[in-house]
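Here is target_31.cif, consisting of mmCIF, C-alpha atoms:
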```
data_query
loop_
_atom_site.label_atom_id
_atom_site.label_comp_id
_atom_site.auth_asym_id
_atom_site.auth_seq_id
_atom_site.Cartn_x
_atom_site.Cartn_y
_atom_site.Cartn_z
CA MET T 259 137.81 -65.89 73.07
CA THR T 260 137.70 -62.76 75.21
CA PRO T 261 140.92 -60.71 75.02
CA PRO T 262 142.76 -60.49 78.36
CA VAL T 263 142.33 -57.46 80.59
CA PRO T 264 145.19 -55.07 79.79
CA PRO T 265 148.03 -54.36 82.23
CA PRO T 266 147.56 -51.54 84.77
CA HIS T 267 149.54 -48.95 82.78
CA LYS T 268 147.00 -49.20 79.96
CA ARG T 269 143.79 -49.28 81.98
CA GLY T 270 143.16 -45.59 82.59
CA MET T 271 142.17 -44.12 85.93
CA TRP T 272 138.50 -45.06 86.36
CA PRO T 273 137.50 -47.38 89.23
CA TYR T 274 135.79 -50.53 88.00
CA TYR T 275 132.62 -51.71 89.77
CA PRO T 276 131.01 -54.36 87.57
CA ASP T 277 127.90 -54.65 89.74
CA LEU T 278 127.04 -51.00 89.03
CA LEU T 279 127.29 -51.61 85.29
CA SER T 280 125.36 -54.86 85.15
CA VAL T 281 122.02 -53.36 84.05
CA PRO T 282 121.79 -52.13 80.43
CA VAL T 283 120.65 -48.51 80.23
CA PRO T 284 119.55 -46.04 77.52
CA ARG T 285 121.93 -43.53 75.98
CA TYR T 286 119.44 -40.80 76.95
CA THR T 287 119.52 -38.81 73.75
CA SER T 288 115.98 -37.99 74.82
CA PHE T 289 113.74 -38.41 77.81
CA PRO T 290 111.46 -40.25 77.70
CA THR T 291 113.43 -42.49 75.34
CA ALA T 292 112.14 -43.72 72.00
CA ALA T 293 111.44 -47.08 73.68
CA GLU T 294 108.47 -45.39 75.36
CA PHE T 295 106.92 -44.04 72.16
CA GLY T 296 103.39 -45.26 71.55
CA ASP T 297 100.45 -44.99 69.16
CA GLY T 298 98.85 -42.21 71.19
CA VAL T 299 100.73 -39.58 69.18
CA GLY T 300 100.17 -39.32 65.43
CA ALA T 301 99.78 -37.02 62.46
CA ALA T 302 97.15 -34.73 64.01
CA ASP T 303 99.32 -34.19 67.09
CA ALA T 304 102.36 -33.47 64.91
CA ASP T 305 100.36 -30.99 62.85
CA ALA T 306 99.18 -29.06 65.91
CA ALA T 307 102.63 -29.13 67.54
CA LEU T 308 104.45 -27.86 64.45
CA ARG T 309 102.00 -24.96 64.14
CA ARG T 310 102.95 -23.90 67.70
CA VAL T 311 106.70 -23.88 67.14
CA ALA T 312 108.39 -20.47 67.14
CA GLY T 313 111.93 -19.16 67.43
CA ASP T 314 115.12 -21.05 66.63
CA VAL T 315 114.75 -24.50 65.07
CA SER T 316 117.16 -27.20 63.91
CA LEU T 317 116.31 -29.63 61.14
CA TYR T 318 117.43 -33.23 60.79
CA VAL T 319 117.06 -34.84 57.35
CA HIS T 320 117.23 -38.64 57.21
CA VAL T 321 118.51 -40.54 54.17
CA PRO T 322 117.96 -44.26 54.97
CA PHE T 323 120.25 -45.74 52.33
CA CYS T 324 123.83 -47.02 52.13
CA GLU T 325 125.85 -48.41 49.24
CA GLN T 326 126.90 -51.26 51.54
CA ILE T 327 125.22 -52.41 54.76
CA CYS T 328 127.61 -52.88 57.68
CA TRP T 329 126.84 -55.82 59.96
CA TYR T 330 127.07 -53.88 63.23
CA CYS T 331 124.81 -50.99 62.23
CA GLY T 332 121.60 -50.31 64.12
CA CYS T 333 120.46 -47.44 61.90
CA ASN T 334 117.26 -47.52 59.88
CA THR T 335 118.89 -48.03 56.49
CA GLY T 336 118.74 -50.20 53.40
CA ALA T 337 120.87 -50.86 50.32
CA ALA T 338 120.92 -48.10 47.72
CA ASN T 339 120.92 -50.59 44.86
CA ARG T 340 117.56 -49.79 43.25
CA ARG T 341 117.31 -46.42 41.56
CA GLN T 342 113.51 -46.41 41.49
CA ARG T 343 113.31 -46.95 45.24
CA LEU T 344 115.75 -44.10 45.83
CA SER T 345 113.85 -41.76 43.50
CA SER T 346 110.52 -42.57 45.11
CA TYR T 347 111.90 -41.95 48.57
CA LEU T 348 113.43 -38.62 47.57
CA ASP T 349 110.13 -37.53 46.03
CA ALA T 350 108.42 -38.29 49.35
CA LEU T 351 111.14 -36.49 51.28
CA HIS T 352 110.61 -33.38 49.16
CA ARG T 353 106.89 -33.56 50.00
CA ASP T 354 107.75 -33.96 53.69
CA ILE T 355 109.91 -30.82 53.54
CA ALA T 356 107.11 -28.86 51.85
CA LEU T 357 104.34 -29.99 54.23
CA THR T 358 106.46 -29.34 57.31
CA GLY T 359 107.64 -25.99 55.99
CA VAL T 360 104.05 -24.77 55.59
CA ARG T 361 103.35 -25.54 59.25
CA LEU T 362 106.46 -23.70 60.44
CA ASP T 363 106.14 -20.76 58.08
CA GLY T 364 106.67 -17.25 59.40
CA ARG T 365 107.49 -18.10 63.01
CA VAL T 366 110.85 -19.86 63.01
CA SER T 367 114.51 -19.35 62.14
CA VAL T 368 116.33 -22.49 61.04
CA ARG T 369 119.84 -22.24 62.47
CA ARG T 370 121.14 -25.74 61.74
CA VAL T 371 120.49 -28.42 59.12
CA SER T 372 121.92 -31.91 59.64
CA PHE T 373 121.84 -34.77 57.13
CA GLY T 374 122.15 -38.28 58.52
CA GLY T 375 121.37 -41.85 57.65
CA GLY T 376 122.26 -44.33 56.50
CA SER T 377 124.76 -42.47 54.42
CA PRO T 378 123.55 -39.26 52.79
CA ASN T 379 126.28 -39.63 50.18
CA ALA T 380 124.59 -42.84 49.01
CA ILE T 381 122.41 -40.55 46.86
CA ALA T 382 123.75 -38.62 43.89
CA PRO T 383 125.32 -35.20 44.50
CA THR T 384 122.66 -33.63 42.25
CA ASP T 385 119.94 -35.18 44.43
CA PHE T 386 121.58 -33.64 47.48
CA VAL T 387 121.57 -30.22 45.79
CA ARG T 388 117.87 -30.61 45.07
CA LEU T 389 117.22 -31.32 48.75
CA VAL T 390 119.16 -28.20 49.71
CA ASP T 391 117.14 -26.21 47.17
CA ALA T 392 113.89 -27.58 48.65
CA LEU T 393 114.97 -26.62 52.16
CA THR T 394 115.90 -23.15 50.93
CA LEU T 395 112.47 -22.78 49.35
CA HIS T 396 110.30 -24.22 52.15
CA ALA T 397 112.27 -23.68 55.37
CA ALA T 398 113.10 -20.33 56.95
CA LEU T 399 116.87 -20.76 56.75
CA SER T 400 118.81 -18.19 58.77
CA ASP T 401 122.45 -18.68 57.76
CA PRO T 402 122.37 -22.21 59.19
CA VAL T 403 125.23 -24.47 60.14
CA TRP T 404 125.22 -27.36 57.65
CA SER T 405 126.38 -30.80 58.80
CA ILE T 406 126.44 -34.24 57.20
CA GLU T 407 127.34 -37.86 57.90
CA ILE T 408 129.72 -39.33 55.34
CA ASP T 409 130.71 -42.84 54.28
CA PRO T 410 134.32 -42.53 53.05
CA ARG T 411 133.84 -45.51 50.76
CA THR T 412 131.46 -43.53 48.56
CA LEU T 413 132.87 -40.03 48.93
CA THR T 414 133.69 -38.80 45.44
CA ARG T 415 135.25 -35.60 44.16
CA ASP T 416 131.83 -34.51 42.85
CA TRP T 417 130.38 -34.98 46.32
CA ALA T 418 133.18 -32.94 47.91
CA ASP T 419 132.64 -30.15 45.39
CA VAL T 420 128.93 -30.03 46.22
CA LEU T 421 129.62 -29.92 49.97
CA GLY T 422 131.89 -26.95 49.35
CA TRP T 423 129.26 -25.22 47.23
CA VAL T 424 126.55 -25.68 49.90
CA GLY T 425 128.90 -24.51 52.65
CA VAL T 426 128.93 -27.63 54.80
CA SER T 427 131.20 -26.91 57.77
CA HIS T 428 130.55 -29.96 59.97
CA ALA T 429 130.99 -33.56 58.82
CA SER T 430 131.11 -36.91 60.57
CA MET T 431 132.93 -39.77 58.89
CA GLY T 432 132.21 -43.41 59.71
CA VAL T 433 135.63 -44.90 60.43
CA GLN T 434 135.01 -47.37 63.32
CA THR T 435 138.50 -48.90 63.19
CA PHE T 436 141.66 -48.84 61.07
CA ALA T 437 142.48 -52.50 61.81
CA PRO T 438 141.83 -54.61 58.66
CA HIS T 439 140.97 -57.79 60.60
CA LEU T 440 138.37 -55.92 62.65
CA GLN T 441 136.91 -54.25 59.57
CA ALA T 442 136.42 -57.70 58.07
CA ALA T 443 134.81 -58.93 61.31
CA ILE T 444 132.12 -56.21 61.23
CA GLY T 445 131.58 -55.94 57.47
CA ARG T 446 133.14 -52.48 57.09
CA VAL T 447 136.24 -52.82 54.89
CA GLN T 448 137.88 -49.47 54.04
CA ASP T 449 141.63 -49.07 53.96
CA ASP T 450 143.70 -46.30 55.48
CA VAL T 451 144.31 -44.63 52.12
CA LEU T 452 140.57 -44.31 51.52
CA ILE T 453 139.95 -42.66 54.90
CA ALA T 454 142.93 -40.31 54.52
CA ARG T 455 141.75 -39.33 51.04
CA GLY T 456 138.26 -38.65 52.38
CA THR T 457 139.71 -36.50 55.15
CA ASP T 458 141.67 -34.44 52.65
CA MET T 459 138.66 -33.97 50.37
CA LEU T 460 136.45 -32.81 53.24
CA ARG T 461 139.06 -30.33 54.41
CA GLU T 462 139.49 -28.98 50.89
CA ALA T 463 135.70 -28.62 50.67
CA GLY T 464 135.72 -26.31 53.68
CA VAL T 465 134.80 -28.65 56.54
CA THR T 466 136.19 -27.07 59.70
CA SER T 467 134.73 -29.50 62.25
CA LEU T 468 135.41 -33.10 61.25
CA ASN T 469 134.30 -35.98 63.46
CA PHE T 470 135.50 -39.59 63.30
CA ASP T 471 133.09 -42.24 64.60
CA LEU T 472 135.14 -44.99 66.27
CA MET T 473 134.22 -48.13 68.21
CA TYR T 474 135.61 -50.25 71.00
CA GLY T 475 134.37 -53.66 72.14
CA LEU T 476 134.60 -55.17 68.66
CA PRO T 477 135.02 -58.94 68.20
CA GLY T 478 138.67 -59.87 68.60
CA GLN T 479 139.72 -56.28 69.29
CA SER T 480 142.82 -55.81 71.43
CA LEU T 481 143.94 -52.73 73.28
CA ASP T 482 146.79 -52.39 70.79
CA ASP T 483 144.22 -52.34 67.97
CA LEU T 484 142.34 -49.54 69.70
CA GLU T 485 145.50 -47.58 70.43
CA ALA T 486 146.63 -47.76 66.81
CA THR T 487 143.23 -46.50 65.61
CA LEU T 488 143.20 -43.64 68.09
CA ARG T 489 146.71 -42.54 67.23
CA ARG T 490 146.00 -42.64 63.50
CA THR T 491 142.83 -40.60 64.09
CA VAL T 492 144.84 -37.99 66.00
CA GLU T 493 147.44 -37.98 63.23
CA LEU T 494 144.76 -37.29 60.61
CA GLY T 495 143.61 -34.32 62.67
CA ALA T 496 140.02 -35.16 63.56
CA ASP T 497 138.43 -32.19 65.36
CA ARG T 498 135.93 -34.44 67.12
CA ILE T 499 135.95 -38.10 68.05
CA ALA T 500 132.99 -40.23 69.09
CA LEU T 501 134.29 -43.41 70.74
CA PHE T 502 131.28 -45.70 71.10
CA GLY T 503 131.09 -49.12 72.68
CA TYR T 504 129.77 -51.64 70.16
CA ALA T 505 126.26 -52.72 71.22
CA HIS T 506 125.65 -56.36 70.27
CA VAL T 507 121.87 -56.84 70.24
CA PRO T 508 121.13 -59.33 67.44
CA HIS T 509 117.62 -59.92 68.84
CA LEU T 510 116.89 -56.33 67.83
CA ILE T 511 119.25 -55.98 64.84
CA PRO T 512 119.23 -59.25 62.83
CA ARG T 513 122.18 -58.23 60.63
CA GLN T 514 124.41 -58.46 63.72
CA ARG T 515 124.01 -62.25 63.63
CA ARG T 516 126.83 -62.26 61.08
CA ILE T 517 129.22 -61.07 63.81
CA ASP T 518 131.03 -63.72 65.84
CA ASP T 519 129.83 -63.02 69.36
CA SER T 520 132.20 -65.62 70.83
CA ALA T 521 135.05 -63.17 70.12
CA LEU T 522 133.43 -60.17 71.82
CA PRO T 523 135.38 -58.64 74.74
CA ASP T 524 133.77 -59.07 78.14
CA GLN T 525 132.68 -56.18 80.31
CA ALA T 526 136.03 -55.81 82.08
CA ALA T 527 137.88 -55.59 78.78
CA ARG T 528 135.32 -53.12 77.37
CA PHE T 529 135.68 -50.95 80.46
CA ALA T 530 139.46 -50.99 80.13
CA MET T 531 139.22 -49.99 76.46
CA ALA T 532 136.92 -47.07 77.24
CA ALA T 533 139.16 -45.89 80.08
CA PHE T 534 142.30 -46.21 77.98
CA GLY T 535 140.76 -44.30 75.07
CA HIS T 536 139.59 -41.54 77.40
CA ALA T 537 143.07 -41.16 78.93
CA LEU T 538 144.91 -41.28 75.58
CA LEU T 539 142.74 -38.67 73.89
CA GLN T 540 142.95 -36.30 76.83
CA ALA T 541 146.72 -36.73 76.81
CA GLU T 542 146.66 -35.77 73.12
CA GLY T 543 144.95 -32.50 74.00
CA TYR T 544 141.30 -33.36 73.36
CA VAL T 545 138.59 -32.07 75.69
CA ALA T 546 136.41 -34.86 77.07
CA VAL T 547 132.76 -34.21 76.23
CA GLY T 548 130.71 -36.49 78.41
CA PHE T 549 131.74 -40.12 78.54
CA ASP T 550 132.48 -41.01 74.93
CA HIS T 551 132.96 -37.79 72.92
CA PHE T 552 136.09 -35.69 72.52
CA ALA T 553 136.88 -32.42 70.76
CA ARG T 554 139.85 -30.19 70.05
CA PRO T 555 139.93 -27.17 72.39
CA GLY T 556 138.91 -24.70 69.66
CA ASP T 557 136.03 -26.77 68.32
CA PRO T 558 132.51 -25.45 69.10
CA LEU T 559 131.67 -28.69 70.92
CA ALA T 560 134.65 -28.32 73.24
CA ARG T 561 133.80 -24.69 73.89
CA ALA T 562 130.24 -25.67 74.81
CA ALA T 563 131.49 -28.37 77.19
CA GLN T 564 133.93 -25.98 78.86
CA GLY T 565 131.43 -23.11 78.97
CA GLY T 566 128.56 -25.07 80.48
CA THR T 567 126.30 -24.81 77.42
CA LEU T 568 126.58 -28.40 76.17
CA ARG T 569 123.28 -30.01 75.12
CA ARG T 570 122.14 -33.52 74.30
CA ASN T 571 119.60 -34.54 71.67
CA PHE T 572 118.96 -37.36 69.21
CA GLN T 573 122.26 -36.57 67.50
CA GLY T 574 124.19 -36.98 70.75
CA PHE T 575 126.18 -34.26 72.47
CA THR T 576 125.87 -30.96 70.66
CA GLU T 577 126.53 -27.26 70.95
CA ASP T 578 123.15 -26.62 69.30
CA GLN T 579 120.99 -24.42 71.55
CA ALA T 580 117.74 -24.56 69.56
CA PRO T 581 114.82 -25.74 71.73
CA ALA T 582 113.15 -27.47 68.77
CA LEU T 583 114.60 -30.25 66.60
CA VAL T 584 112.37 -31.20 63.67
CA GLY T 585 112.95 -34.51 61.90
CA LEU T 586 112.36 -34.99 58.17
CA GLY T 587 112.43 -38.38 56.48
CA ALA T 588 111.50 -41.94 57.36
CA SER T 589 112.18 -42.79 61.04
CA ALA T 590 113.37 -39.23 61.80
CA ILE T 591 112.47 -38.00 65.29
CA THR T 592 111.12 -34.59 66.24
CA CYS T 593 111.88 -33.30 69.71
CA LEU T 594 109.85 -30.39 71.08
CA PRO T 595 109.62 -29.37 74.74
CA ASP T 596 106.20 -30.92 75.28
CA ILE T 597 106.08 -33.72 72.69
CA LEU T 598 108.30 -36.23 70.89
CA TRP T 599 107.44 -38.26 67.82
CA GLN T 600 109.02 -40.48 65.22
CA ASN T 601 108.10 -40.63 61.56
CA GLU T 602 107.02 -43.87 59.96
CA LYS T 603 110.06 -46.18 59.75
CA ASN T 604 108.98 -48.22 56.76
CA ALA T 605 109.94 -46.34 53.60
CA GLY T 606 106.95 -47.70 51.67
CA ARG T 607 104.41 -46.58 54.26
CA TYR T 608 106.27 -43.28 54.63
CA ARG T 609 105.86 -42.65 50.89
CA MET T 610 102.19 -43.66 50.98
CA LEU T 611 101.34 -41.24 53.80
CA LEU T 612 103.02 -38.33 52.06
CA SER T 613 101.36 -39.17 48.75
CA GLN T 614 98.10 -38.46 50.62
CA ASP T 615 99.49 -35.13 51.92
CA ARG T 616 99.59 -36.52 55.46
CA LEU T 617 102.39 -35.89 57.92
CA PRO T 618 104.21 -39.20 58.47
CA ALA T 619 104.28 -39.07 62.30
CA ALA T 620 103.72 -42.68 63.41
CA HIS T 621 104.16 -42.78 67.17
CA GLY T 622 105.52 -40.72 70.03
CA ILE T 623 104.88 -39.44 73.52
CA ARG T 624 103.60 -36.27 75.14
CA ARG T 625 105.99 -34.94 77.75
CA SER T 626 104.33 -34.08 81.02
CA ALA T 627 105.70 -31.43 83.35
CA ASP T 628 107.29 -34.25 85.35
CA ASP T 629 108.87 -35.70 82.18
CA GLN T 630 110.33 -32.30 81.35
CA ARG T 631 111.69 -31.91 84.87
CA ARG T 632 113.38 -35.31 84.73
CA ALA T 633 114.64 -34.64 81.20
CA ALA T 634 116.33 -31.43 82.35
CA LEU T 635 117.95 -33.24 85.28
CA ILE T 636 119.25 -36.10 83.12
CA GLU T 637 120.58 -33.73 80.46
CA ALA T 638 122.35 -31.57 83.07
CA LEU T 639 123.87 -34.63 84.71
CA LEU T 640 125.22 -36.03 81.43
CA CYS T 641 126.33 -32.68 79.99
CA ARG T 642 127.64 -30.84 83.04
CA GLY T 643 128.20 -33.51 85.66
CA GLU T 644 125.77 -31.99 88.11
CA ALA T 645 122.09 -31.18 88.35
CA ARG T 646 119.68 -29.51 90.71
CA ILE T 647 117.50 -32.10 92.38
CA ASP T 648 114.13 -31.52 94.04
CA ALA T 649 113.54 -32.99 97.47
CA ASP T 650 110.92 -35.43 96.16
CA LEU T 651 113.23 -36.78 93.45
CA ALA T 652 116.09 -37.01 95.92
CA GLY T 653 113.88 -39.06 98.21
CA GLU T 654 112.67 -41.23 95.34
CA VAL T 655 116.18 -42.36 94.36
CA ALA T 656 117.89 -42.17 97.75
CA GLY T 657 118.08 -45.91 98.32
CA ARG T 658 119.20 -46.76 94.78
CA LEU T 659 121.77 -43.97 94.83
CA VAL T 660 123.51 -45.35 97.94
CA PRO T 661 125.91 -47.73 96.11
CA PHE T 662 127.16 -44.83 93.98
CA VAL T 663 127.53 -42.50 96.94
CA GLU T 664 129.29 -45.11 99.08
CA ARG T 665 131.88 -45.60 96.34
CA ARG T 666 132.37 -41.86 95.95
CA LEU T 667 130.95 -41.72 92.46
CA ALA T 668 128.15 -39.31 93.35
CA SER T 669 127.21 -36.87 96.10
CA VAL T 670 124.13 -34.88 97.05
CA ALA T 671 124.51 -31.56 98.83
CA ASP T 672 122.83 -28.15 98.79
CA GLY T 673 120.11 -29.36 96.45
CA LYS T 674 122.56 -30.64 93.82
CA LEU T 675 123.50 -34.08 92.62
CA ARG T 676 127.12 -34.19 91.49
CA LEU T 677 129.20 -36.76 89.67
CA GLU T 678 132.53 -37.17 91.41
CA PRO T 679 135.91 -37.78 89.69
CA GLY T 680 135.94 -41.21 88.09
CA ALA T 681 132.15 -41.34 87.73
CA LEU T 682 131.87 -40.78 83.96
CA PRO T 683 131.38 -44.49 83.10
CA TYR T 684 128.50 -44.59 85.58
CA ALA T 685 126.76 -41.38 84.48
CA ARG T 686 124.08 -43.12 82.40
CA SER T 687 123.45 -45.65 85.16
CA ILE T 688 122.98 -42.82 87.67
CA ALA T 689 120.74 -40.94 85.24
CA ALA T 690 118.63 -44.08 84.84
CA LEU T 691 117.71 -43.91 88.52
CA PHE T 692 115.39 -41.03 87.60
CA ASP T 693 113.71 -42.91 84.74
CA PRO T 694 110.41 -44.43 85.87
CA TYR T 695 109.73 -45.92 82.44
CA ARG T 696 112.56 -48.42 82.36
CA GLN T 697 111.40 -51.99 81.96
CA ASP T 698 112.92 -55.05 80.29
CA SER T 699 116.27 -53.24 80.06
CA VAL T 700 118.24 -56.32 79.09
CA ARG T 701 116.36 -56.67 75.81
CA ARG T 702 115.80 -53.03 75.02
CA PHE T 703 119.09 -51.32 75.78
CA SER T 704 122.82 -51.83 75.42
CA SER T 705 125.63 -52.22 77.93
CA ALA T 706 126.29 -49.20 80.15
CA VAL T 707 129.94 -49.21 78.96
#
```
Could you write out this file's structure as structure tokens?
Amino acid sequence: MTPPVPPPHKRGMWPYYPDLLSVPVPRYTSFPTAAEFGDGVGAADADAALRRVAGDVSLYVHVPFCEQICWYCGCNTGAANRRQRLSSYLDALHRDIALTGVRLDGRVSVRRVSFGGGSPNAIAPTDFVRLVDALTLHAALSDPVWSIEIDPRTLTRDWADVLGWVGVSHASMGVQTFAPHLQAAIGRVQDDVLIARGTDMLREAGVTSLNFDLMYGLPGQSLDDLEATLRRTVELGADRIALFGYAHVPHLIPRQRRIDDSALPDQAARFAMAAFGHALLQAEGYVAVGFDHFARPGDPLARAAQGGTLRRNFQGFTEDQAPALVGLGASAITCLPDILWQNEKNAGRYRMLLSQDRLPAAHGIRRSADDQRRAALIEALLCRGEARIDADLAGEVAGRLVPFVERRLASVADGKLRLEPGALPYARSIAALFDPYRQDSVRRFSSAV
């Protein structure tokens, strides 16, 4: 049963127009989105593109394993319950690092290295050290920022010690909710003591920017549940908070079939939760970063948002200014100005390709000049709330933009498209007006809020 819409004092200040949120839209961590990737881009294209890269580069290293698989998760991950499978994957990942490093050699400076998954701490701490050693050997590291995603359920003292030794300064911990009944409903049981202990260990290891991933729109979730989670997160001192709306797409993610969709909040309740969370966190002193991210004023992400240098890539909102993001590992995505590609998702085929000394790029898309123009507009709109708009693009979307303009959510003047106060929940929907690729949105994307 859908929870009731909360009373006015807990709804936040955003105007609610359900008709403008009725069409599912991408999160636009890239443009074109991964839904448009095709077989026209492969290993030869990746090879040529990597050999052209120069200047600052960021690396993303994917570890597609978790000790326990959460029912809600849409990540490319599997259970870390077979040592041989883990070892074989890590061997392939080392080969991926070496082959990619050769193609980047001598022209780049790696300023940031991010480990994601899955849960990188599903592997042994010694295996993580070996990956760091491989990156040090094959990548042109230039005093990079090290970041990692962490599952608090498998964060050990040995792991914390290794993070301190490597110098990891940024970490993101998967929390989702502190409510036990909601944890049980989504297959992510981890008590408060475990999360608090993980927070303390990460701080002691030297993590200065700690993010908590949280969710609203969970089955049976009430506004009181959300408020309690947010206040506990603030109490634990998270530097960053990502407050995502749960995307229920069991036709795409079969494991979500274990979640009781009859208890999911409806759109009005989801909207109220997002608005309430936004208002509460701002009242607690956090800087709003886009629609669903928040950061303490001194955090680099907050400074980027306030200084107009915020970026958006496959890892979400970021202060990272590197024009090239290179993905390592199965399903990892590489984003270069003129081309995007994703590595082979299947771990077995990924290993096979690398055993033949072939880059594992499986599919992608070349970005035309028009793609790059639209990508810059969408990124500016989502990151800074305004974007320069050419006359032809303004004419292209004029009719579809009218409902947003009439409700004072957007305005066009002096060659700029601006989001007006209260427009944050509609930012992705407005950005989608400039996306000529969108088709079959209901099946391919999640709710706008």
Give as number ranges by chain the set of residues within 12 Å of the point (141.6, -54.3, 61.7), where distances use the file's coordinates and all atoms listed in the file. T: 433-450, 473-474, 476-487
The PyMOL selection byres ((chain T and resi 535-541) around 12) on the file shown: which residues, as an MDAnalysis selection string? chainID T and resid 267:272 472:475 481:493 496:503 528:534 542:555 680 682:683
Only C-alpha atoms, please: the residues just picked out, written as a PDB file, keeping the file's coordinate frame.
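File out_34.pdb, as written:
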```pdb
ATOM      1  CA  HIS T 267     149.540 -48.950  82.780  1.00  0.00           C
ATOM      2  CA  LYS T 268     147.000 -49.200  79.960  1.00  0.00           C
ATOM      3  CA  ARG T 269     143.790 -49.280  81.980  1.00  0.00           C
ATOM      4  CA  GLY T 270     143.160 -45.590  82.590  1.00  0.00           C
ATOM      5  CA  MET T 271     142.170 -44.120  85.930  1.00  0.00           C
ATOM      6  CA  TRP T 272     138.500 -45.060  86.360  1.00  0.00           C
ATOM      7  CA  LEU T 472     135.140 -44.990  66.270  1.00  0.00           C
ATOM      8  CA  MET T 473     134.220 -48.130  68.210  1.00  0.00           C
ATOM      9  CA  TYR T 474     135.610 -50.250  71.000  1.00  0.00           C
ATOM     10  CA  GLY T 475     134.370 -53.660  72.140  1.00  0.00           C
ATOM     11  CA  LEU T 481     143.940 -52.730  73.280  1.00  0.00           C
ATOM     12  CA  ASP T 482     146.790 -52.390  70.790  1.00  0.00           C
ATOM     13  CA  ASP T 483     144.220 -52.340  67.970  1.00  0.00           C
ATOM     14  CA  LEU T 484     142.340 -49.540  69.700  1.00  0.00           C
ATOM     15  CA  GLU T 485     145.500 -47.580  70.430  1.00  0.00           C
ATOM     16  CA  ALA T 486     146.630 -47.760  66.810  1.00  0.00           C
ATOM     17  CA  THR T 487     143.230 -46.500  65.610  1.00  0.00           C
ATOM     18  CA  LEU T 488     143.200 -43.640  68.090  1.00  0.00           C
ATOM     19  CA  ARG T 489     146.710 -42.540  67.230  1.00  0.00           C
ATOM     20  CA  ARG T 490     146.000 -42.640  63.500  1.00  0.00           C
ATOM     21  CA  THR T 491     142.830 -40.600  64.090  1.00  0.00           C
ATOM     22  CA  VAL T 492     144.840 -37.990  66.000  1.00  0.00           C
ATOM     23  CA  GLU T 493     147.440 -37.980  63.230  1.00  0.00           C
ATOM     24  CA  ALA T 496     140.020 -35.160  63.560  1.00  0.00           C
ATOM     25  CA  ASP T 497     138.430 -32.190  65.360  1.00  0.00           C
ATOM     26  CA  ARG T 498     135.930 -34.440  67.120  1.00  0.00           C
ATOM     27  CA  ILE T 499     135.950 -38.100  68.050  1.00  0.00           C
ATOM     28  CA  ALA T 500     132.990 -40.230  69.090  1.00  0.00           C
ATOM     29  CA  LEU T 501     134.290 -43.410  70.740  1.00  0.00           C
ATOM     30  CA  PHE T 502     131.280 -45.700  71.100  1.00  0.00           C
ATOM     31  CA  GLY T 503     131.090 -49.120  72.680  1.00  0.00           C
ATOM     32  CA  ARG T 528     135.320 -53.120  77.370  1.00  0.00           C
ATOM     33  CA  PHE T 529     135.680 -50.950  80.460  1.00  0.00           C
ATOM     34  CA  ALA T 530     139.460 -50.990  80.130  1.00  0.00           C
ATOM     35  CA  MET T 531     139.220 -49.990  76.460  1.00  0.00           C
ATOM     36  CA  ALA T 532     136.920 -47.070  77.240  1.00  0.00           C
ATOM     37  CA  ALA T 533     139.160 -45.890  80.080  1.00  0.00           C
ATOM     38  CA  PHE T 534     142.300 -46.210  77.980  1.00  0.00           C
ATOM     39  CA  GLU T 542     146.660 -35.770  73.120  1.00  0.00           C
ATOM     40  CA  GLY T 543     144.950 -32.500  74.000  1.00  0.00           C
ATOM     41  CA  TYR T 544     141.300 -33.360  73.360  1.00  0.00           C
ATOM     42  CA  VAL T 545     138.590 -32.070  75.690  1.00  0.00           C
ATOM     43  CA  ALA T 546     136.410 -34.860  77.070  1.00  0.00           C
ATOM     44  CA  VAL T 547     132.760 -34.210  76.230  1.00  0.00           C
ATOM     45  CA  GLY T 548     130.710 -36.490  78.410  1.00  0.00           C
ATOM     46  CA  PHE T 549     131.740 -40.120  78.540  1.00  0.00           C
ATOM     47  CA  ASP T 550     132.480 -41.010  74.930  1.00  0.00           C
ATOM     48  CA  HIS T 551     132.960 -37.790  72.920  1.00  0.00           C
ATOM     49  CA  PHE T 552     136.090 -35.690  72.520  1.00  0.00           C
ATOM     50  CA  ALA T 553     136.880 -32.420  70.760  1.00  0.00           C
ATOM     51  CA  ARG T 554     139.850 -30.190  70.050  1.00  0.00           C
ATOM     52  CA  PRO T 555     139.930 -27.170  72.390  1.00  0.00           C
ATOM     53  CA  GLY T 680     135.940 -41.210  88.090  1.00  0.00           C
ATOM     54  CA  LEU T 682     131.870 -40.780  83.960  1.00  0.00           C
ATOM     55  CA  PRO T 683     131.380 -44.490  83.100  1.00  0.00           C
TER      56      PRO T 683
END
```
Residues near Val670 of chain T, cut-off 9 Å, all atoms listed in the file, skip fewer than 6 positions along chain, as a PDB file with C-alpha atoms, in the frame of the given file:
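Done, and the output landed in out_25.pdb:
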```pdb
ATOM      1  CA  ILE T 647     117.500 -32.100  92.380  1.00  0.00           C
ATOM      2  CA  ALA T 652     116.090 -37.010  95.920  1.00  0.00           C
ATOM      3  CA  VAL T 663     127.530 -42.500  96.940  1.00  0.00           C
ATOM      4  CA  ARG T 676     127.120 -34.190  91.490  1.00  0.00           C
TER       5      ARG T 676
END
```
Contacts of Phe575 of chain T within 9 Å, all atoms listed in the file, excl. fewer than 3 positions in-chain, as a ChimeraX atom specification: /T:287,547-548,551,559,568-572,578,641
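The smallest atom-to-atom distance between Leu413 of chain T and any of T:Leu617, T:Ala463, T:Leu675, T:Val390, using all atoms listed in the file, is found for T:Ala463.
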For the structure provided, state which residues fall under the PyMOL selection byres ((chain T and resi 325) around 12), and present them as a VMD selection string. chain T and resid 321 to 324 326 to 328 335 to 341 344 375 to 382 408 to 413 446
